[in-house]
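Coordinates from structure-v4.cif are shown below (mmCIF, C-alpha atoms).
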data_work
loop_
_atom_site.label_atom_id
_atom_site.label_comp_id
_atom_site.auth_asym_id
_atom_site.auth_seq_id
_atom_site.Cartn_x
_atom_site.Cartn_y
_atom_site.Cartn_z
CA MET V 1 0.00 0.00 0.00
CA ALA V 2 1.02 3.62 -0.42
CA ARG V 3 2.46 4.89 2.89
CA ASN V 4 5.28 7.08 4.19
CA SER V 5 8.28 6.02 6.20
CA LEU V 6 7.73 6.44 9.91
CA LEU V 7 10.39 9.13 10.34
CA THR V 8 8.94 11.09 7.41
CA ASP V 9 5.72 11.56 9.38
CA LEU V 10 7.48 12.04 12.72
CA MET V 11 9.73 14.77 11.29
CA LYS V 12 6.65 16.90 10.71
CA VAL V 13 6.47 17.32 14.50
CA ASN V 14 8.85 20.08 15.59
CA HIS V 15 9.81 18.33 18.82
CA ILE V 16 10.91 15.23 16.87
CA LYS V 17 12.69 17.35 14.24
CA MET V 18 14.81 18.66 17.12
CA ILE V 19 16.60 15.28 17.25
CA TYR V 20 17.58 15.67 13.59
CA ASN V 21 18.87 19.17 14.31
CA LEU V 22 20.93 17.90 17.23
CA PHE V 23 22.71 15.40 14.99
CA VAL V 24 23.44 18.19 12.50
CA VAL V 25 24.98 20.25 15.30
CA MET V 26 27.03 17.24 16.42
CA MET V 27 28.28 16.81 12.85
CA ILE V 28 29.39 20.44 12.69
CA ILE V 29 31.22 20.13 16.02
CA THR V 30 32.89 16.88 14.90
CA PHE V 31 33.92 18.51 11.62
CA LEU V 32 35.48 21.47 13.47
CA ASN V 33 37.19 19.03 15.84
CA THR V 34 38.71 17.20 12.86
CA VAL V 35 39.82 20.35 11.04
CA VAL V 36 41.35 21.96 14.13
CA GLY V 37 43.04 18.71 15.11
CA ASP V 38 44.61 18.31 11.67
CA LEU V 39 45.74 21.92 11.59
CA VAL V 40 47.33 21.79 15.04
CA THR V 41 49.00 18.37 14.81
CA GLU V 42 49.94 18.16 11.12
CA GLY V 43 49.46 21.64 9.71
CA ARG V 44 46.80 20.59 7.20
CA ALA V 45 43.10 20.00 6.92
CA VAL V 46 42.93 17.06 4.51
CA LEU V 47 41.13 13.78 5.34
CA TYR V 48 42.32 10.40 4.17
CA PHE V 49 39.49 8.12 3.09
CA ASP V 50 40.16 4.39 3.00
CA LEU V 51 38.10 3.82 -0.11
CA PRO V 52 39.06 0.19 -0.91
CA GLN V 53 37.26 -1.20 2.15
CA ALA V 54 34.23 1.03 1.69
CA SER V 55 34.07 0.15 -2.01
CA SER V 56 34.33 -3.58 -1.37
CA PHE V 57 31.59 -3.32 1.27
CA ALA V 58 29.28 -1.59 -1.23
CA ILE V 59 30.01 -4.19 -3.92
CA LEU V 60 29.27 -7.09 -1.59
CA MET V 61 26.04 -5.44 -0.44
CA GLU V 62 24.99 -5.08 -4.08
CA MET V 63 25.88 -8.72 -4.73
CA CYS V 64 23.62 -9.85 -1.88
CA ARG V 65 20.84 -7.53 -3.08
CA PHE V 66 20.92 -8.90 -6.63
CA VAL V 67 21.01 -12.51 -5.40
CA MET V 68 17.94 -11.90 -3.22
CA LYS V 69 16.08 -10.12 -6.02
CA ALA V 70 16.93 -12.83 -8.56
CA HIS V 71 15.61 -15.51 -6.21
CA ALA V 72 12.43 -13.53 -5.57
CA PHE V 73 11.82 -13.01 -9.30
CA VAL V 74 12.36 -16.67 -10.22
CA ARG V 75 10.40 -18.01 -7.25
CA SER V 76 7.41 -15.78 -8.03
CA ASN V 77 7.28 -16.48 -11.76
CA ALA V 78 8.34 -20.14 -11.98
CA PRO V 79 4.87 -21.46 -10.94
CA LYS V 80 3.30 -19.53 -13.82
CA VAL V 81 5.48 -21.42 -16.28
CA PHE V 82 5.10 -24.85 -14.69
CA THR V 83 1.32 -24.68 -14.29
CA GLY V 84 0.65 -22.95 -17.60
CA LYS V 85 -1.87 -20.64 -15.95
CA VAL V 86 -2.20 -16.96 -15.37
CA LYS V 87 -1.44 -16.30 -11.73
CA SER V 88 -0.71 -12.63 -11.55
CA ASP V 89 -1.60 -10.34 -8.68
CA ASP V 90 -4.75 -9.08 -10.40
CA ASP V 91 -5.84 -11.87 -12.71
CA HIS V 92 -6.47 -15.51 -11.77
CA ARG V 93 -8.15 -16.76 -14.94
CA THR V 94 -7.00 -20.03 -16.49
CA ALA V 95 -5.08 -19.28 -19.68
CA ALA V 96 -1.62 -19.39 -21.21
CA PRO V 97 1.13 -18.26 -18.82
CA VAL V 98 1.75 -14.53 -18.85
CA LEU V 99 5.30 -13.64 -17.88
CA PRO V 100 6.43 -10.19 -16.82
CA SER V 101 8.05 -7.95 -19.39
CA PHE V 102 11.69 -6.93 -19.25
CA LYS V 103 10.53 -3.47 -18.17
CA THR V 104 8.83 -5.03 -15.14
CA PHE V 105 11.96 -7.02 -14.30
CA GLN V 106 14.13 -3.93 -14.74
CA TYR V 107 11.93 -1.88 -12.40
CA PHE V 108 12.03 -4.64 -9.77
CA LEU V 109 15.83 -4.70 -9.89
CA PHE V 110 16.07 -1.09 -8.75
CA CYS V 111 12.92 -0.42 -6.72
CA PRO V 112 13.47 -0.44 -2.91
CA THR V 113 11.88 -3.82 -2.15
CA LEU V 114 13.04 -7.44 -2.22
CA VAL V 115 9.57 -9.01 -2.58
CA TYR V 116 8.45 -9.39 -6.19
CA ARG V 117 5.03 -8.23 -7.36
CA ASP V 118 3.71 -7.77 -10.89
CA SER V 119 2.92 -4.16 -10.00
CA TYR V 120 3.44 -1.78 -7.09
CA PRO V 121 1.60 1.31 -5.83
CA ARG V 122 3.10 4.38 -7.52
CA THR V 123 3.08 8.09 -6.72
CA LYS V 124 1.74 10.57 -9.27
CA GLN V 125 4.98 12.50 -9.75
CA ILE V 126 8.60 12.78 -8.67
CA ARG V 127 9.26 15.41 -6.02
CA TRP V 128 12.77 16.37 -7.07
CA LYS V 129 13.34 18.61 -4.05
CA VAL V 130 12.48 15.77 -1.66
CA ALA V 131 14.81 13.37 -3.51
CA PHE V 132 17.63 15.96 -3.50
CA PHE V 133 17.47 16.45 0.26
CA HIS V 134 17.38 12.69 0.89
CA PHE V 135 20.57 12.20 -1.12
CA LEU V 136 22.08 15.27 0.54
CA ASP V 137 21.48 13.50 3.87
CA VAL V 138 23.29 10.42 2.51
CA PHE V 139 26.29 12.50 1.44
CA GLY V 140 26.37 14.34 4.77
CA ILE V 141 26.21 11.12 6.79
CA ILE V 142 29.11 9.63 4.81
CA LEU V 143 31.21 12.67 5.76
CA TYR V 144 29.90 12.40 9.33
CA LEU V 145 31.02 8.77 9.55
CA SER V 146 34.47 9.60 8.19
CA PHE V 147 34.93 12.27 10.88
CA ILE V 148 33.90 9.82 13.63
CA PHE V 149 36.26 7.13 12.39
CA GLU V 150 39.19 9.54 12.14
CA ARG V 151 38.69 11.22 15.52
CA PHE V 152 37.52 8.28 17.67
CA PHE V 153 38.54 4.98 16.06
CA LEU V 154 41.89 5.51 14.36
CA PRO V 155 43.61 6.95 17.47
CA ASN V 156 42.48 3.92 19.52
CA PHE V 157 43.25 1.16 17.02
CA LYS V 158 45.93 2.69 14.78
CA LYS V 159 48.78 0.79 16.45
CA PHE V 160 46.74 -2.25 17.44
CA GLY V 161 48.67 -5.46 16.79
CA GLU V 162 52.10 -3.86 16.64
CA SER V 163 52.91 -5.08 20.14
CA GLU V 164 51.77 -7.86 22.43
CA VAL V 165 48.06 -7.57 23.17
CA GLU V 166 47.23 -7.17 26.83
CA LEU V 167 43.87 -7.01 28.55
CA SER V 168 44.18 -3.28 29.27
CA THR V 169 45.17 -2.42 25.70
CA LEU V 170 42.18 -4.38 24.42
CA VAL V 171 39.43 -3.41 26.86
CA LEU V 172 40.13 0.32 27.09
CA PRO V 173 39.81 1.07 23.33
CA ILE V 174 36.63 -0.98 23.15
CA PHE V 175 34.96 0.96 25.94
CA CYS V 176 36.24 4.25 24.54
CA THR V 177 34.47 3.53 21.25
CA ILE V 178 31.11 2.29 22.60
CA LEU V 179 29.50 5.73 22.36
CA PRO V 180 30.76 6.57 18.83
CA SER V 181 29.79 3.04 17.75
CA THR V 182 26.24 3.70 18.93
CA VAL V 183 26.18 6.95 16.98
CA ILE V 184 27.45 5.09 13.90
CA PHE V 185 24.70 2.51 14.32
CA ILE V 186 22.01 5.22 14.35
CA LEU V 187 23.59 7.11 11.43
CA CYS V 188 23.84 3.97 9.28
CA PHE V 189 20.20 3.17 9.97
CA TYR V 190 19.10 6.67 8.96
CA CYS V 191 21.42 6.75 5.94
CA VAL V 192 20.46 3.41 4.40
CA LEU V 193 16.94 2.58 5.58
CA HIS V 194 15.54 6.11 5.52
CA ALA V 195 17.48 8.58 3.39
CA TRP V 196 18.81 6.28 0.65
CA LEU V 197 15.71 4.09 0.23
CA ASN V 198 13.36 7.08 0.33
CA GLY V 199 15.51 8.88 -2.23
CA ILE V 200 15.41 5.88 -4.58
CA ALA V 201 11.67 5.44 -3.94
CA GLU V 202 11.06 9.07 -4.84
CA LEU V 203 12.98 8.79 -8.13
CA LEU V 204 11.12 5.58 -9.05
CA ARG V 205 7.74 6.83 -7.75
CA PHE V 206 7.58 3.83 -5.41
CA ALA V 207 4.76 4.60 -2.97
CA ASP V 208 5.15 1.92 -0.26
CA ARG V 209 7.89 3.35 1.95
CA MET V 210 7.47 1.31 5.10
CA PHE V 211 11.14 0.30 5.12
CA TYR V 212 11.24 0.06 8.92
CA GLN V 213 8.96 0.39 11.92
CA ASP V 214 9.41 1.77 15.44
CA TRP V 215 12.26 -0.57 16.38
CA TRP V 216 13.40 1.90 19.06
CA ASN V 217 10.30 0.92 21.08
CA SER V 218 10.97 -2.82 20.89
CA THR V 219 10.82 -4.75 24.14
CA SER V 220 12.16 -8.05 22.78
CA TYR V 221 14.72 -9.14 20.22
CA SER V 222 12.09 -10.82 18.04
CA MET V 223 10.12 -7.58 17.89
CA TYR V 224 13.28 -5.61 17.07
CA TYR V 225 14.23 -8.11 14.37
CA ARG V 226 10.85 -7.67 12.65
CA LYS V 227 10.85 -3.87 12.86
CA TRP V 228 14.50 -2.93 12.30
CA ASN V 229 14.72 -3.74 8.57
CA VAL V 230 11.31 -4.47 7.08
CA VAL V 231 12.76 -4.80 3.56
CA VAL V 232 15.00 -7.75 4.45
CA HIS V 233 12.54 -9.18 6.98
CA ASP V 234 9.81 -9.40 4.33
CA TRP V 235 12.16 -11.29 2.00
CA LEU V 236 13.21 -13.72 4.73
CA TYR V 237 9.60 -14.29 5.76
CA THR V 238 8.25 -14.69 2.21
CA TYR V 239 10.96 -16.79 0.58
CA ILE V 240 12.63 -18.60 3.49
CA TYR V 241 10.28 -18.89 6.47
CA LYS V 242 7.08 -19.62 4.52
CA GLU V 243 8.86 -22.01 2.15
CA ILE V 244 10.28 -24.03 5.04
CA HIS V 245 7.10 -23.84 7.14
CA ASP V 246 4.59 -24.58 4.35
CA ASN V 247 6.48 -26.88 1.97
CA ILE V 248 9.46 -28.59 3.61
CA PHE V 249 9.06 -28.94 7.39
CA ILE V 250 5.33 -28.41 7.32
CA GLY V 251 4.03 -26.66 10.40
CA ASN V 252 7.40 -26.63 12.19
CA ARG V 253 7.93 -23.00 13.20
CA ARG V 254 11.10 -23.72 15.18
CA ILE V 255 13.06 -25.14 12.26
CA ALA V 256 11.78 -22.42 9.94
CA THR V 257 12.87 -19.72 12.39
CA ASP V 258 16.32 -21.28 12.89
CA ILE V 259 16.90 -21.47 9.14
CA VAL V 260 15.88 -17.82 8.76
CA PHE V 261 18.44 -16.77 11.37
CA ALA V 262 21.10 -19.00 9.79
CA THR V 263 20.43 -17.49 6.35
CA SER V 264 20.61 -13.97 7.75
CA ALA V 265 23.86 -14.77 9.56
CA ILE V 266 25.44 -16.23 6.42
CA PHE V 267 24.67 -13.11 4.37
CA HIS V 268 26.04 -10.85 7.10
CA GLU V 269 29.22 -12.91 7.42
CA ILE V 270 29.74 -12.86 3.66
CA VAL V 271 29.62 -9.07 3.59
CA ILE V 272 31.75 -8.45 6.71
CA THR V 273 34.35 -11.21 6.24
CA ARG V 274 34.73 -10.82 2.49
CA THR V 275 35.10 -7.06 2.89
CA TYR V 276 38.12 -7.66 5.12
CA TRP V 277 39.78 -10.13 2.75
CA ILE V 278 39.07 -8.06 -0.36
CA ASN V 279 40.64 -5.07 1.38
CA ARG V 280 43.72 -7.18 2.27
CA LEU V 281 43.99 -8.32 -1.33
CA LEU V 282 43.77 -4.76 -2.64
CA ILE V 283 46.50 -3.68 -0.23
CA GLU V 284 48.78 -6.48 -1.41
CA LEU V 285 48.14 -5.64 -5.08
#

Go ahead and render the structure in this file as structure tokens.
Amino acid sequence: MARNSLLTDLMKVNHIKMIYNLFVVMMIITFLNTVVGDLVTEGRAVLYFDLPQASSFAILMEMCRFVMKAHAFVRSNAPKVFTGKVKSDDDHRTAAPVLPSFKTFQYFLFCPTLVYRDSYPRTKQIRWKVAFFHFLDVFGIILYLSFIFERFFLPNFKKFGESEVELSTLVLPIFCTILPSTVIFILCFYCVLHAWLNGIAELLRFADRMFYQDWWNSTSYSMYYRKWNVVVHDWLYTYIYKEIHDNIFIGNRRIATDIVFATSAIFHEIVITRTYWINRLLIEL
């Protein structure tokens, strides 16, 4: 259905918009901290961005996204071919199989959802100003993250591994980076699940923008897991959980749930672990 993202509606309330403004102020302060620190210690104001690791992370994320979309497309359209019947979202008449056009497949590849449908609710027009500010948020958050890594993470872990690791040298940096790690967690959520997906949705006139729910009010991990990333959760529920529960281990919710968590863990490990090894390979080359 056509609906806004939760933060889009909440930002219309001035008291909630204050939180957004606070993060902007924190970004400005962090930027000034970085510039002044560089000027005082090294006599410059130039940041070094470790692009290989960021680039490899983006590539692996895209790989996972295309794999999930390809599976969704094949799984949704294969029954139409095997049964020889029309089984679209809007038409259930018995006839020759009607397969989606390449234009439909192309739109599905780029629209911000992982669950395939023959058609989606669409907005009447593209609001270019809205899309511009969403992508401006993405660009700003990327700079924000680079400042946090340079000022809070590199000083703590720059020389890590050069000498024998002791408990104090391991525990202290970890606790010193808990707060910036929490800020990074919130920024990444806003960047990817709100700003980026809403920007893409606006350009593609994709009307269903419930990419997440109020995960910050969750009282259990299962509730958080369902609300944190609705896009991925819907794919896992539709193509993993229901397949296992309805067709393989019929009625067994426990096994279906365990396989969902295992699948999610595998995808996360592929992205995180492979990013590290790709970065090592690029350094060696």

Nearest to Met210 in chain V by atom-to-atom distance, counting all atoms listed in the file, from V:Met223, V:Val232, V:Ile272, V:Ile266 =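 Of the candidates, the smallest distance to Met210 in chain V is held by V:Val232.
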
Contacts of Phe110 in chain V at 10 Å (all atoms listed in the file; same-chain gap of 3+ positions) as a compact mmCIF listing (two decimals) with C-alpha atoms, in the coordinates of the input:
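Just written: result-v6.txt:
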# COMPACT_ATOMS: atom_id res chain seq x y z
CA ARG V 65 20.84 -7.53 -3.08
CA PHE V 66 20.92 -8.90 -6.63
CA LYS V 69 16.08 -10.12 -6.02
CA PHE V 105 11.96 -7.02 -14.30
CA GLN V 106 14.13 -3.93 -14.74
CA TYR V 107 11.93 -1.88 -12.40
CA THR V 113 11.88 -3.82 -2.15
CA LEU V 114 13.04 -7.44 -2.22
CA ILE V 200 15.41 5.88 -4.58
CA ALA V 201 11.67 5.44 -3.94
CA LEU V 204 11.12 5.58 -9.05

Residues selected by the PyMOL selection byres ((chain V and resi 1-3) around 7), written as a list in words =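 Output of the PyMOL selection byres ((chain V and resi 1-3) around 7): Asn4, Ser5, Pro121, Ala207, Asp208, Arg209 and Met210 of chain V.
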
Using all atoms of range 240-248 of chain V that appear in the file, construct an axis-aligned enclosing box with 6 Å of padding on every side and provide its centre coordinates and edge lengths in Å, rounded to one decimal, as lines of an AutoDock Vina configuration file.
center_x = 8.6
center_y = -23.6
center_z = 4.6
size_x = 20.0
size_y = 22.0
size_z = 17.2

Between CA of Ile126 in chain V and CA of Glu202 in chain V, what is the distance, to one decimal in Å?
->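 Computing the Euclidean distance for CA of Ile126 in chain V and CA of Glu202 in chain V yields 5.9 Å.
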
What do you get, as a VMD selection string, if you spell out every residue that the PyMOL selection byres ((chain V and resi 153) around 12) selects here?
-> chain V and resid 145 to 152 154 to 160 173 to 181 184

Evaluate the PyMOL selection byres ((chain V and resi 133) around 12) on the structure here and hand back the selected residues as a PyMOL selection string.
-> chain V and resi 127-132+134-140+191+194-196+198-200+202

Nearest candidate to Val230 in chain V (options V:Ile19, V:Ala265, V:Ala72, V:Leu6; using all atoms listed in the file) = V:Leu6

Between CA of Val260 in chain V and CA of Leu236 in chain V, what is the spacing in Å?
->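 It comes out at 6.3 Å.
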
Which residue gives the smallest distance to Asn229 in chain V among V:Ile28, V:Leu197, V:Ile59, V:Ile250, with all atoms listed in the file counted?
->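 For Asn229 in chain V, the nearest of the candidates is V:Leu197.
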
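Coordinates place CA of Gln125 in chain V at a distance of 27.4 Å from CA of Leu99 in chain V.
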